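Trainee: Pasting my_file.pdb below, which is PDB, C-alpha atoms.
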ATOM      1  CA  MET B   1      -9.057  18.215  11.002
ATOM      2  CA  MET B   2     -10.291  15.665   8.507
ATOM      3  CA  GLN B   3      -8.440  12.367   8.459
ATOM      4  CA  TYR B   4      -7.675  10.571   5.189
ATOM      5  CA  SER B   5      -9.840   7.661   6.334
ATOM      6  CA  ASP B   6     -12.792  10.006   6.996
ATOM      7  CA  CYS B   7     -13.102  10.939   3.340
ATOM      8  CA  GLN B   8     -11.918   7.683   1.764
ATOM      9  CA  MET B   9     -11.463   4.093   2.850
ATOM     10  CA  ALA B  10      -7.932   3.062   3.689
ATOM     11  CA  LEU B  11      -5.946   1.512   0.855
ATOM     12  CA  LYS B  12      -5.753  -2.264   1.288
ATOM     13  CA  ILE B  13      -2.529  -3.964   0.193
ATOM     14  CA  ASN B  14      -2.190  -7.742   0.153
ATOM     15  CA  ILE B  15       1.416  -8.907   0.055
ATOM     16  CA  LEU B  16       1.669 -12.489  -1.199
ATOM     17  CA  VAL B  17       4.991 -14.104  -0.294
ATOM     18  CA  GLY B  18       6.745 -16.869  -2.198
ATOM     19  CA  THR B  19       9.893 -17.912  -0.336
ATOM     20  CA  MET B  20      12.263 -20.803   0.301
ATOM     21  CA  THR B  21      14.619 -19.295   2.878
ATOM     22  CA  GLY B  22      12.502 -16.524   4.399
ATOM     23  CA  THR B  23      14.184 -13.580   2.669
ATOM     24  CA  ALA B  24      11.071 -12.608   0.688
ATOM     25  CA  GLN B  25       9.053 -12.834   3.907
ATOM     26  CA  LEU B  26      11.518 -10.460   5.588
ATOM     27  CA  VAL B  27      11.082  -8.002   2.707
ATOM     28  CA  ALA B  28       7.293  -8.242   3.035
ATOM     29  CA  GLN B  29       7.458  -7.635   6.793
ATOM     30  CA  GLU B  30       9.620  -4.538   6.278
ATOM     31  CA  LEU B  31       7.139  -3.183   3.730
ATOM     32  CA  GLU B  32       4.216  -3.934   6.040
ATOM     33  CA  LEU B  33       5.929  -2.034   8.866
ATOM     34  CA  ALA B  34       6.623   0.911   6.554
ATOM     35  CA  TRP B  35       3.181   1.042   4.944
ATOM     36  CA  ASP B  36       0.625  -0.093   7.536
ATOM     37  CA  ASP B  37      -0.753   3.089   9.058
ATOM     38  CA  GLY B  38      -4.134   4.792   9.255
ATOM     39  CA  GLU B  39      -4.200   5.372   5.510
ATOM     40  CA  THR B  40      -2.991   1.944   4.434
ATOM     41  CA  LYS B  41      -3.972  -1.505   5.684
ATOM     42  CA  VAL B  42      -1.428  -4.202   4.839
ATOM     43  CA  GLU B  43      -1.839  -7.938   5.164
ATOM     44  CA  THR B  44       1.055 -10.264   4.436
ATOM     45  CA  LEU B  45       0.181 -13.811   3.418
ATOM     46  CA  LEU B  46       2.579 -16.648   2.754
ATOM     47  CA  MET B  47       1.545 -18.351  -0.478
ATOM     48  CA  ASP B  48       1.347 -21.719   1.300
ATOM     49  CA  LYS B  49      -2.110 -23.236   0.701
ATOM     50  CA  LEU B  50      -3.343 -20.216  -1.306
ATOM     51  CA  ASP B  51      -5.243 -20.594  -4.553
ATOM     52  CA  SER B  52      -6.613 -18.154  -7.118
ATOM     53  CA  THR B  53      -9.520 -17.183  -4.822
ATOM     54  CA  VAL B  54      -7.046 -15.067  -2.825
ATOM     55  CA  PHE B  55      -7.493 -12.401  -5.510
ATOM     56  CA  ALA B  56     -11.131 -11.899  -4.463
ATOM     57  CA  ARG B  57     -10.011 -10.147  -1.257
ATOM     58  CA  GLY B  58     -10.072  -6.691  -2.792
ATOM     59  CA  GLY B  59      -7.388  -4.037  -2.676
ATOM     60  CA  VAL B  60      -4.091  -4.074  -4.520
ATOM     61  CA  TYR B  61      -1.566  -6.879  -4.447
ATOM     62  CA  LEU B  62       2.183  -7.123  -4.193
ATOM     63  CA  ILE B  63       3.779 -10.390  -5.235
ATOM     64  CA  CYS B  64       7.004 -10.693  -3.251
ATOM     65  CA  THR B  65       8.819 -13.794  -4.411
ATOM     66  CA  SER B  66      12.203 -15.336  -4.794
ATOM     67  CA  THR B  67      13.345 -17.665  -7.559
ATOM     68  CA  TYR B  68      14.279 -21.261  -6.910
ATOM     69  CA  GLY B  69      15.986 -24.087  -8.764
ATOM     70  CA  GLN B  70      16.050 -23.657 -12.531
ATOM     71  CA  GLY B  71      14.079 -20.396 -12.554
ATOM     72  CA  ASP B  72      11.017 -21.749 -10.778
ATOM     73  CA  VAL B  73       8.691 -20.139  -8.283
ATOM     74  CA  PRO B  74       9.438 -21.216  -4.685
ATOM     75  CA  ASP B  75       7.880 -24.462  -3.423
ATOM     76  CA  ASN B  76       5.333 -22.602  -1.279
ATOM     77  CA  ALA B  77       4.164 -20.621  -4.355
ATOM     78  CA  LYS B  78       3.712 -23.540  -6.765
ATOM     79  CA  ALA B  79       0.115 -24.372  -5.788
ATOM     80  CA  LEU B  80      -1.031 -20.764  -6.303
ATOM     81  CA  TYR B  81       0.860 -20.418  -9.572
ATOM     82  CA  ASP B  82      -0.479 -23.739 -10.887
ATOM     83  CA  ASP B  83      -4.046 -22.906  -9.804
ATOM     84  CA  LEU B  84      -3.918 -19.572 -11.651
ATOM     85  CA  ASN B  85      -2.474 -21.282 -14.718
ATOM     86  CA  THR B  86      -5.132 -24.034 -14.676
ATOM     87  CA  LYS B  87      -8.273 -22.059 -13.757
ATOM     88  CA  ARG B  88      -7.269 -18.898 -15.675
ATOM     89  CA  PRO B  89      -9.607 -16.515 -13.823
ATOM     90  CA  ASP B  90     -10.465 -13.081 -15.228
ATOM     91  CA  LEU B  91      -8.242 -10.731 -13.236
ATOM     92  CA  SER B  92      -8.960  -7.609 -15.286
ATOM     93  CA  GLN B  93      -9.972  -5.708 -12.131
ATOM     94  CA  LEU B  94      -6.732  -6.631 -10.346
ATOM     95  CA  ARG B  95      -3.905  -4.142  -9.783
ATOM     96  CA  TYR B  96      -0.595  -5.611  -8.662
ATOM     97  CA  GLY B  97       3.115  -5.079  -8.248
ATOM     98  CA  VAL B  98       6.024  -7.512  -8.219
ATOM     99  CA  PHE B  99       9.092  -7.451  -6.014
ATOM    100  CA  GLY B 100      11.309 -10.259  -7.264
ATOM    101  CA  LEU B 101      14.375 -11.586  -5.518
ATOM    102  CA  GLY B 102      17.149 -13.341  -7.382
ATOM    103  CA  ASP B 103      20.875 -13.614  -7.890
ATOM    104  CA  ARG B 104      22.426 -12.379 -11.123
ATOM    105  CA  THR B 105      25.166 -15.029 -10.863
ATOM    106  CA  TYR B 106      22.402 -17.339 -12.171
ATOM    107  CA  ALA B 107      22.120 -15.213 -15.305
ATOM    108  CA  GLU B 108      19.942 -17.549 -17.373
ATOM    109  CA  THR B 109      17.216 -17.742 -14.717
ATOM    110  CA  PHE B 110      17.760 -14.441 -12.872
ATOM    111  CA  ASN B 111      14.575 -13.313 -11.136
ATOM    112  CA  PHE B 112      12.337 -15.760 -13.026
ATOM    113  CA  GLY B 113      10.074 -16.333  -9.986
ATOM    114  CA  GLY B 114       8.822 -12.753 -10.122
ATOM    115  CA  GLN B 115       8.817 -12.768 -13.916
ATOM    116  CA  ARG B 116       6.658 -15.909 -14.048
ATOM    117  CA  PHE B 117       4.013 -14.395 -11.758
ATOM    118  CA  ASP B 118       4.159 -11.074 -13.619
ATOM    119  CA  GLU B 119       3.634 -12.687 -17.020
ATOM    120  CA  LEU B 120       0.829 -14.969 -15.808
ATOM    121  CA  LEU B 121      -1.082 -12.180 -14.045
ATOM    122  CA  ALA B 122      -0.778  -9.997 -17.159
ATOM    123  CA  GLU B 123      -2.087 -12.870 -19.328
ATOM    124  CA  LEU B 124      -5.114 -13.073 -17.000
ATOM    125  CA  GLY B 125      -5.864  -9.373 -17.522
ATOM    126  CA  ALA B 126      -4.354  -7.896 -14.349
ATOM    127  CA  GLN B 127      -2.607  -4.535 -14.611
ATOM    128  CA  ARG B 128       0.813  -4.081 -13.044
ATOM    129  CA  ILE B 129       1.534  -1.017 -10.947
ATOM    130  CA  GLY B 130       5.005   0.352 -11.695
ATOM    131  CA  GLU B 131       7.948  -1.656 -12.952
ATOM    132  CA  ARG B 132       8.758  -5.171 -11.773
ATOM    133  CA  VAL B 133      11.543  -5.015  -9.200
ATOM    134  CA  LYS B 134      14.468  -7.369  -9.725
ATOM    135  CA  HIS B 135      16.593  -7.446  -6.589
ATOM    136  CA  ASP B 136      20.030  -8.957  -7.124
ATOM    137  CA  ALA B 137      21.434 -10.790  -4.092
ATOM    138  CA  SER B 138      24.981 -10.440  -5.464
ATOM    139  CA  SER B 139      24.674  -6.630  -5.605
ATOM    140  CA  GLY B 140      25.548  -6.143  -1.941
ATOM    141  CA  VAL B 141      22.302  -4.242  -1.294
ATOM    142  CA  LEU B 142      20.014  -5.915   1.232
ATOM    143  CA  PRO B 143      16.607  -6.665  -0.295
ATOM    144  CA  GLU B 144      14.707  -5.128   2.612
ATOM    145  CA  GLU B 145      16.695  -1.879   2.213
ATOM    146  CA  MET B 146      15.948  -1.805  -1.510
ATOM    147  CA  ALA B 147      12.281  -2.543  -0.767
ATOM    148  CA  THR B 148      11.821   0.316   1.683
ATOM    149  CA  GLU B 149      13.473   2.791  -0.708
ATOM    150  CA  TRP B 150      11.377   1.531  -3.629
ATOM    151  CA  GLY B 151       8.243   1.218  -1.510
ATOM    152  CA  ASP B 152       7.447   4.910  -1.071
ATOM    153  CA  GLU B 153       7.052   5.517  -4.787
ATOM    154  CA  TRP B 154       5.184   2.249  -5.352
ATOM    155  CA  LEU B 155       2.745   3.145  -2.577
ATOM    156  CA  LYS B 156       1.945   6.432  -4.361
ATOM    157  CA  LEU B 157       1.363   4.548  -7.617
ATOM    158  CA  ALA B 158      -0.793   1.972  -5.790
ATOM    159  CA  ARG B 159      -2.969   4.759  -4.350
ATOM    160  CA  GLN B 160      -3.440   6.182  -7.849
ATOM    161  CA  ALA B 161      -4.248   2.729  -9.273
ATOM    162  CA  ALA B 162      -6.749   2.025  -6.486
ATOM    163  CA  GLY B 163      -8.461   5.340  -7.249
ATOM    164  CA  GLN B 164      -8.682   4.429 -10.934
ATOM    165  CA  ALA B 165     -10.017   0.970 -10.148
ATOM    166  CA  ALA B 166     -12.747   2.221  -7.822
TER     167      ALA B 166
END
Now that the file is in, can you turn its structure into structure tokens?

Mentor:
Amino acid sequence: MMQYSDCQMALKINILVGTMTGTAQLVAQELELAWDDGETKVETLLMDKLDSTVFARGGVYLICTSTYGQGDVPDNAKALYDDLNTKRPDLSQLRYGVFGLGDRTYAETFNFGGQRFDELLAELGAQRIGERVKHDASSGVLPEEMATEWGDEWLKLARQAAGQAA
């Protein structure tokens, strides 16, 4: 019987994590556990010390980030965000998704961390896969539960996008 990997390379997903308290990292780990199999290779990277060259790794990307302070990206994501904003690389070949974490009780800045990355990547020519997820911490739904439910459909869309990008 022919394996998926025999006829096509495994889909590579890079999950880039922006977090202050570790919740976004927990979400990324749950997605990695759910997705990383023979057909999909997942690597989770904390945004600490990353710069725009991380997008040269190939594959599709998932930005998994919380929001901090007055609608900012988390401290560990600032260097990457600033580097993208300063260098403004051409990311027209990039396919990405965004899983944002926030709390709707902060209505004026709800989920701005994910929104900031989404808007910047789009400005640089990248194409988003699916809708941007906006998890609400005050909803009572755990973000990792929401992520695994959402993840199956996003993975299908990512496979399609990777096929189109090839």

Trainee: Pick the closest to Gly140 (chain B) from B:Glu108, B:Asp37, B:Asp118, B:Asp103: which is it, counting all atoms listed in the file?

Mentor: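 Looking at the shortest contact to Gly140 (chain B), the residue is B:Asp103.
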
Trainee: Do a neighbour search on region 63-68 of chain B at 7 Å with all atoms listed in the file, toss out local chain neighbours closer than 3 positions, and write the hits as a list in words.

Mentor: Ile15, Leu16, Val17, Gly18, Thr19, Ala24, Ala28, Gly71, Asp72, Val73, Pro74, Gly97, Val98, Phe99, Gly100, Leu101, Gly102, Asn111, Phe112, Gly113 and Gly114 of chain B

Trainee: From the set B:Ser139, B:Glu119, B:Ala77, B:Leu31, which residue has the shortest atom-to-atom contact distance to Thr44 (chain B), counting only C-alpha atoms?

Mentor: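 Nearest to Thr44 (chain B): B:Leu31.
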
Trainee: What is the distance, in Å and to one decimal place, between CA of Gly69 (chain B) and CA of Met20 (chain B)?

Mentor: 10.3 Å

Trainee: Of the residues B:Met146, B:Leu80, B:Leu91, B:Leu62, which is the one nearest to Ile129 (chain B), using only C-alpha atoms?

Mentor: B:Leu62

Trainee: Please define a box with edges along x, y and z of the file around all atoms of region 106-120 of chain B given in the file, extend it by 3 Å on each side, and return its centre and edge lengths in Å to one decimal, as lines of an AutoDock Vina configuration file.

Mentor:
center_x = 11.6
center_y = -14.4
center_z = -13.7
size_x = 27.6
size_y = 12.7
size_z = 13.4

Trainee: Let me make sure I understand: among B:Gln115, B:Glu32, B:Val27, B:Gln93, which one has the smallest atom-to-atom distance to Ala56 (chain B) if we use only C-alpha atoms?

Mentor: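 Looking at the shortest contact to Ala56 (chain B), the residue is B:Gln93.
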
Trainee: One number please: CA of Lys41 (chain B) to CA of Leu120 (chain B), in Å, one decimal.

Mentor: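 Computed distance, CA of Lys41 (chain B) to CA of Leu120 (chain B), equals 25.8 Å.
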